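K.L.:
Quick one: this structure, given as structure tokens, is what I'll be asking you about.
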Amino acid sequence: MCGIIGILGKTQAVPRMMEALKRLEYRGYDSAGVATVADGRLDRRRAPGKLSALEAVLADSPLAGLSGIGHTRWATHGEPTEANAHPHMTDRIAIVHNGIIENFRPLKDELLATGVRFEGETDTEVVARLLTRYLNEGLAPRDAFRKTLGRLEGAFALCVLISGDDDLMFGAREGSPLVVGLGDGENYLGSDAMALAGLSNRLIYLEEGDWAELKRGGLQVYDAAGNPVTRPVTLSQVAATMVDKGNHRHFMQKEIFEQPTVVAQALGRYLDPNEGTVRLPDMPFELADIPKVTLVACGTSYYAAQVARYWIEKIARVPVEVDIASEFRYRDPVYQAGGLAIFISQSGETADTLAALRHAKAAGQRIAALVNVMGSTMAREADLVLPIHAGPEIGVASTKAFTCQLSVLAAFAIKLGVARGLVDRAREADYVSELEQTPKLMARVLHNDGKMAEIARQIADARDILFVGRGIQFPIAMEGALKLKEISYIHAEGYAAGELKHGPIALIDEKVPVIGLAPKDELIDKTVSNLQEIMARKGRVVLISDNAEHEDGLLARFPMPPAGDLVAPILYAIPVQLLAYYTAVEKGTDVDQPRNLAKSVTVE
Ligand code: AGP
């Protein structure tokens, strides 16, 4: 999604804004721009494409000024052109925006009727022209900004500079996050803690409807009604150093390989190996009273939900409903009174998932958010937060967040089983001991990554690739397909292995690789026979398994260590991540920022 940075600084703003925009690249974008106020005059530089294009423009035509705003744009209204790139500017103001102004069309018609002319097609330019109109009518900047906000409908984070004053910046948050950073004689605005990581770790998260007036020496936050409010200052855990690749080629590679470490951290927050117990954060309800669990998410987080359903139903015998967030609230779901709805989201900002959370909350469900970003909107609106402690995840394709989500969900399922009297102390200790093995087993699998790079080279020319798994490996097959298609652009689908013969097997021929996920569990024989049906039709099968007995006819086998039902889905995420990564590298696609994608989709 779009990224925002604003600096009221004591030194030249552009260099630090460009650093902040680089930290925001992970959100996905297709144009960028910066604007400053220097000697009271607004000026800007914009460019379609990556930040390097903007850097070239700035090298050719530098931009001075101690105060500035910057933006990386993920196009919603209008092509990624220079004219549509932010900042938008008039003679009075410069503005950057993340979100969608839903009533931009009537506002644009109203302005056109007064003779206002527009440069581009964006909804943001309508805000710029409306604010300018109120300033031209003589309103003071604060009143003009507030009046403009009162006319807008939709989701927006805004950051505004006013010509003639380089010690004044406005920000507003309605549906898209915006964070104030506090400096020493400076102040900042950013889309998230990552944007501000190099500038400040003292943050104020604006709440829904909040807007703020910033000066170098201080700021005032107002609520939607215009009342001055005080919001808490939190210390950010995100250090600038966490947001670099180290000696890895891509952020995704770094994040795949740091999984043993971060999963160990995540488990360490939820398991007590000495006591052999699981510990969850304090919650405002009794787990034993939960009659039903609803899991809602998007993308990779949705596949984590699918895995969790197997664990929760098998261990805790609580019925679980899983749904894709963008479908959930539109089907008018039937809630069970007293039910717990868990929303899974790495960013904690995904618009579809947030909308579903608010729908379930309005229906009186108990709400939990399983997130990686503690200051996120979902974390703030839930009754219970289950942090996944994965650390900043920069690669658009989610990897370490997924295995940390699974780790926490496994711990939750065990605790729910304990609460319902179905898991005694000895069984709980066994589960804890099994989960504790996960980081070590992950490291063993990662050690064999060269084998997966070799397999990637064998399949990188395919047009279609299937992933198949049974039982709890079925969601991992779907996740593997998503990983592969989103970064290599090869069409891939995940199927239940038993489902292939009901149609998809028609796709099989010698050009179609099939990735079979088959740990040695009670389903292995059935899965292997499904794979043999595929090989009988010349399908090129890659077997990912700890079972070495079935090698004949395989295109390749990726050996796995033995793992139980709790650990296997977490462990089998690694080879499919590696396969996706090395296939994308082989194809030369943009691994960390795949085309058309954004790290956090904050529009519906
Ligand atoms: C995963 O690799 C994708 N980037 C995408 O499917 C992502 O999982 C989805 O957009 C949900 O994001 P969230 O976890 O931040 O809500």
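Labels used: A, B, ... for chains in the order of the structure tokens, numbers from 1 for residues in each chain, and numbers from 1 for ligands as shown.
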Which of segment 361-489 of chain A end up as helix (DSSP H, G or I) when DSSP is run on this backbone - answer as JSON, numbers by chain?
P.N.:
{"A": [361, 362, 377, 378, 379, 380, 381, 400, 401, 402, 403, 404, 405, 406, 407, 408, 409, 410, 411, 412, 413, 414, 415, 416, 417, 418, 419, 425, 426, 427, 428, 429, 430, 431, 432, 433, 434, 435, 436, 438, 439, 440, 441, 442, 443, 444, 445, 446, 449, 450, 451, 452, 453, 454, 455, 456, 457, 458, 459, 473, 474, 475, 476, 477, 478, 479, 480, 481, 482, 483, 484, 485, 486, 487, 488]}
K.L.:
Output C-alpha atoms for every residue in the selection just made, as a PDB file, in the first residue's frame.
P.N.:
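See selection01.pdb below for the written result:
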ATOM      1  CA  LYS A 361     -17.488  -7.132  17.159  1.00  0.00           C
ATOM      2  CA  ALA A 362     -20.749  -5.359  16.366  1.00  0.00           C
ATOM      3  CA  THR A 377      -5.589  -1.102  14.222  1.00  0.00           C
ATOM      4  CA  MET A 378      -6.681  -4.705  14.753  1.00  0.00           C
ATOM      5  CA  ALA A 379      -4.535  -4.938  17.872  1.00  0.00           C
ATOM      6  CA  ARG A 380      -6.207  -1.844  19.230  1.00  0.00           C
ATOM      7  CA  GLU A 381      -9.743  -2.928  18.483  1.00  0.00           C
ATOM      8  CA  LYS A 400       8.360 -15.958   8.909  1.00  0.00           C
ATOM      9  CA  ALA A 401       5.070 -14.350   9.890  1.00  0.00           C
ATOM     10  CA  PHE A 402       3.268 -17.457   8.615  1.00  0.00           C
ATOM     11  CA  THR A 403       5.309 -19.915  10.674  1.00  0.00           C
ATOM     12  CA  CYS A 404       5.054 -17.653  13.718  1.00  0.00           C
ATOM     13  CA  GLN A 405       1.279 -17.430  13.230  1.00  0.00           C
ATOM     14  CA  LEU A 406       1.155 -21.238  13.138  1.00  0.00           C
ATOM     15  CA  SER A 407       3.308 -21.518  16.252  1.00  0.00           C
ATOM     16  CA  VAL A 408       1.013 -19.242  18.218  1.00  0.00           C
ATOM     17  CA  LEU A 409      -2.127 -20.911  16.885  1.00  0.00           C
ATOM     18  CA  ALA A 410      -0.775 -24.316  17.921  1.00  0.00           C
ATOM     19  CA  ALA A 411      -0.151 -22.978  21.430  1.00  0.00           C
ATOM     20  CA  PHE A 412      -3.659 -21.522  21.493  1.00  0.00           C
ATOM     21  CA  ALA A 413      -5.221 -24.854  20.440  1.00  0.00           C
ATOM     22  CA  ILE A 414      -3.379 -26.683  23.218  1.00  0.00           C
ATOM     23  CA  LYS A 415      -4.439 -24.132  25.838  1.00  0.00           C
ATOM     24  CA  LEU A 416      -8.029 -24.340  24.679  1.00  0.00           C
ATOM     25  CA  GLY A 417      -7.829 -28.121  25.066  1.00  0.00           C
ATOM     26  CA  VAL A 418      -6.442 -27.705  28.577  1.00  0.00           C
ATOM     27  CA  ALA A 419      -9.190 -25.217  29.472  1.00  0.00           C
ATOM     28  CA  ARG A 425      -0.823 -31.952  32.357  1.00  0.00           C
ATOM     29  CA  ALA A 426       1.106 -34.881  30.898  1.00  0.00           C
ATOM     30  CA  ARG A 427      -0.396 -34.408  27.447  1.00  0.00           C
ATOM     31  CA  GLU A 428       0.214 -30.669  27.608  1.00  0.00           C
ATOM     32  CA  ALA A 429       3.858 -31.311  28.495  1.00  0.00           C
ATOM     33  CA  ASP A 430       4.156 -33.681  25.523  1.00  0.00           C
ATOM     34  CA  TYR A 431       2.702 -31.094  23.166  1.00  0.00           C
ATOM     35  CA  VAL A 432       5.039 -28.425  24.538  1.00  0.00           C
ATOM     36  CA  SER A 433       8.016 -30.705  24.164  1.00  0.00           C
ATOM     37  CA  GLU A 434       7.044 -31.475  20.546  1.00  0.00           C
ATOM     38  CA  LEU A 435       6.586 -27.819  19.645  1.00  0.00           C
ATOM     39  CA  GLU A 436       9.909 -26.967  21.259  1.00  0.00           C
ATOM     40  CA  THR A 438      10.338 -26.907  15.750  1.00  0.00           C
ATOM     41  CA  PRO A 439      13.244 -24.414  15.442  1.00  0.00           C
ATOM     42  CA  LYS A 440      15.836 -27.188  15.389  1.00  0.00           C
ATOM     43  CA  LEU A 441      13.932 -29.125  12.723  1.00  0.00           C
ATOM     44  CA  MET A 442      13.471 -25.946  10.672  1.00  0.00           C
ATOM     45  CA  ALA A 443      17.216 -25.382  10.729  1.00  0.00           C
ATOM     46  CA  ARG A 444      17.793 -28.926   9.433  1.00  0.00           C
ATOM     47  CA  VAL A 445      15.409 -28.331   6.530  1.00  0.00           C
ATOM     48  CA  LEU A 446      16.971 -24.963   5.700  1.00  0.00           C
ATOM     49  CA  ASP A 449      18.193 -25.453   0.632  1.00  0.00           C
ATOM     50  CA  GLY A 450      20.650 -26.222  -2.197  1.00  0.00           C
ATOM     51  CA  LYS A 451      18.571 -29.288  -3.059  1.00  0.00           C
ATOM     52  CA  MET A 452      15.473 -27.093  -3.375  1.00  0.00           C
ATOM     53  CA  ALA A 453      17.351 -24.608  -5.561  1.00  0.00           C
ATOM     54  CA  GLU A 454      18.134 -27.550  -7.866  1.00  0.00           C
ATOM     55  CA  ILE A 455      14.473 -28.607  -7.970  1.00  0.00           C
ATOM     56  CA  ALA A 456      13.463 -25.012  -8.686  1.00  0.00           C
ATOM     57  CA  ARG A 457      15.648 -25.013 -11.770  1.00  0.00           C
ATOM     58  CA  GLN A 458      13.839 -28.144 -12.976  1.00  0.00           C
ATOM     59  CA  ILE A 459      10.372 -26.616 -12.745  1.00  0.00           C
ATOM     60  CA  GLN A 473      -1.009 -30.532   4.655  1.00  0.00           C
ATOM     61  CA  PHE A 474      -3.826 -29.364   2.361  1.00  0.00           C
ATOM     62  CA  PRO A 475      -3.625 -25.719   3.592  1.00  0.00           C
ATOM     63  CA  ILE A 476       0.179 -25.930   3.257  1.00  0.00           C
ATOM     64  CA  ALA A 477      -0.302 -27.021  -0.356  1.00  0.00           C
ATOM     65  CA  MET A 478      -2.480 -23.949  -0.936  1.00  0.00           C
ATOM     66  CA  GLU A 479       0.071 -21.718   0.787  1.00  0.00           C
ATOM     67  CA  GLY A 480       2.833 -23.222  -1.346  1.00  0.00           C
ATOM     68  CA  ALA A 481       0.849 -22.428  -4.475  1.00  0.00           C
ATOM     69  CA  LEU A 482       0.271 -18.862  -3.309  1.00  0.00           C
ATOM     70  CA  LYS A 483       3.972 -18.356  -2.506  1.00  0.00           C
ATOM     71  CA  LEU A 484       4.997 -19.631  -5.905  1.00  0.00           C
ATOM     72  CA  LYS A 485       2.481 -17.702  -7.998  1.00  0.00           C
ATOM     73  CA  GLU A 486       2.866 -14.400  -6.160  1.00  0.00           C
ATOM     74  CA  ILE A 487       6.633 -14.130  -6.654  1.00  0.00           C
ATOM     75  CA  SER A 488       7.395 -16.224  -9.772  1.00  0.00           C
TER      76      SER A 488
END
K.L.:
Mind listing the strand (DSSP E) residues of segment 406-493 of chain A, per DSSP on the backbone, as a list in words?
P.N.:
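Filtering segment 406-493 of chain A to strand (DSSP E) leaves Asp464, Ile465, Leu466, Phe467, Val468, Gly469, His491, Ala492 and Glu493 of chain A.
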K.L.:
Smallest atom-to-atom distance to ligand 1: which of A:Asn227, A:Thr527, A:Ser200, A:Gln346, using only C-alpha atoms and all ligand atoms?
P.N.:
A:Gln346
K.L.:
Any idea what the distance is between atom CA of Val396 of chain A and atom CA of Asp592 of chain A?
P.N.:
5.7 Å
K.L.:
Excluding Pro319 of chain A and any residue of its chain fewer than 5 positions from it, enumerate the residues within 9 Å of it, using only C-alpha atoms, and give them as an MDAnalysis selection string.
P.N.:
chainID A and resid 291:294 309 312:313
K.L.:
Considering only C-alpha atoms, return as an mmCIF file with N, CA and C atoms, in the first residue's frame whatever protein or nucleic-acid residues lie within 9 Å of Val233 of chain A, sequence-local ones (same chain, fewer than 6 positions apart) excluded.
P.N.:
data_model
loop_
_atom_site.group_PDB
_atom_site.id
_atom_site.type_symbol
_atom_site.label_atom_id
_atom_site.label_comp_id
_atom_site.auth_asym_id
_atom_site.auth_seq_id
_atom_site.Cartn_x
_atom_site.Cartn_y
_atom_site.Cartn_z
ATOM 1 N N LEU A 182 8.113 11.656 17.513
ATOM 2 C CA LEU A 182 8.565 12.825 18.284
ATOM 3 C C LEU A 182 10.078 12.926 18.226
ATOM 4 N N ARG A 202 9.896 7.259 19.527
ATOM 5 C CA ARG A 202 8.802 7.724 20.408
ATOM 6 C C ARG A 202 7.627 8.059 19.511
ATOM 7 N N LEU A 203 6.617 7.193 19.568
ATOM 8 C CA LEU A 203 5.534 7.280 18.575
ATOM 9 C C LEU A 203 4.191 7.557 19.234
ATOM 10 N N ILE A 204 3.355 8.269 18.490
ATOM 11 C CA ILE A 204 1.947 8.452 18.886
ATOM 12 C C ILE A 204 1.094 7.920 17.744
ATOM 13 N N TYR A 205 0.375 6.833 18.012
ATOM 14 C CA TYR A 205 -0.504 6.268 16.982
ATOM 15 C C TYR A 205 -1.812 7.039 16.971
#
K.L.:
How many Å separate atom CA of Ala548 of chain A from atom CA of Thr261 of chain A?
P.N.:
28.6 Å
K.L.:
For ligand 1, collect every residue having any atom at a distance of at most 7 Å from a ligand atom (counting only C-alpha atoms and all ligand atoms); output as a PyMOL selection string.
P.N.:
chain A and resi 297-301+344-350+353+396-399+482-483+598-601
K.L.:
Nearest residue to Leu149 of chain A out of A:Thr122, A:Val221, A:Gly209, A:Lys254, using only C-alpha atoms?
P.N.:
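Under the stated criterion, the closest residue is A:Gly209.
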K.L.:
Nearest to Lys50 of chain A: which of A:Pro62, A:Gly150, A:Pro387, A:Gly28 is it, counting only C-alpha atoms?
P.N.:
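With only C-alpha atoms as the atom set, the closest residue is A:Gly28.
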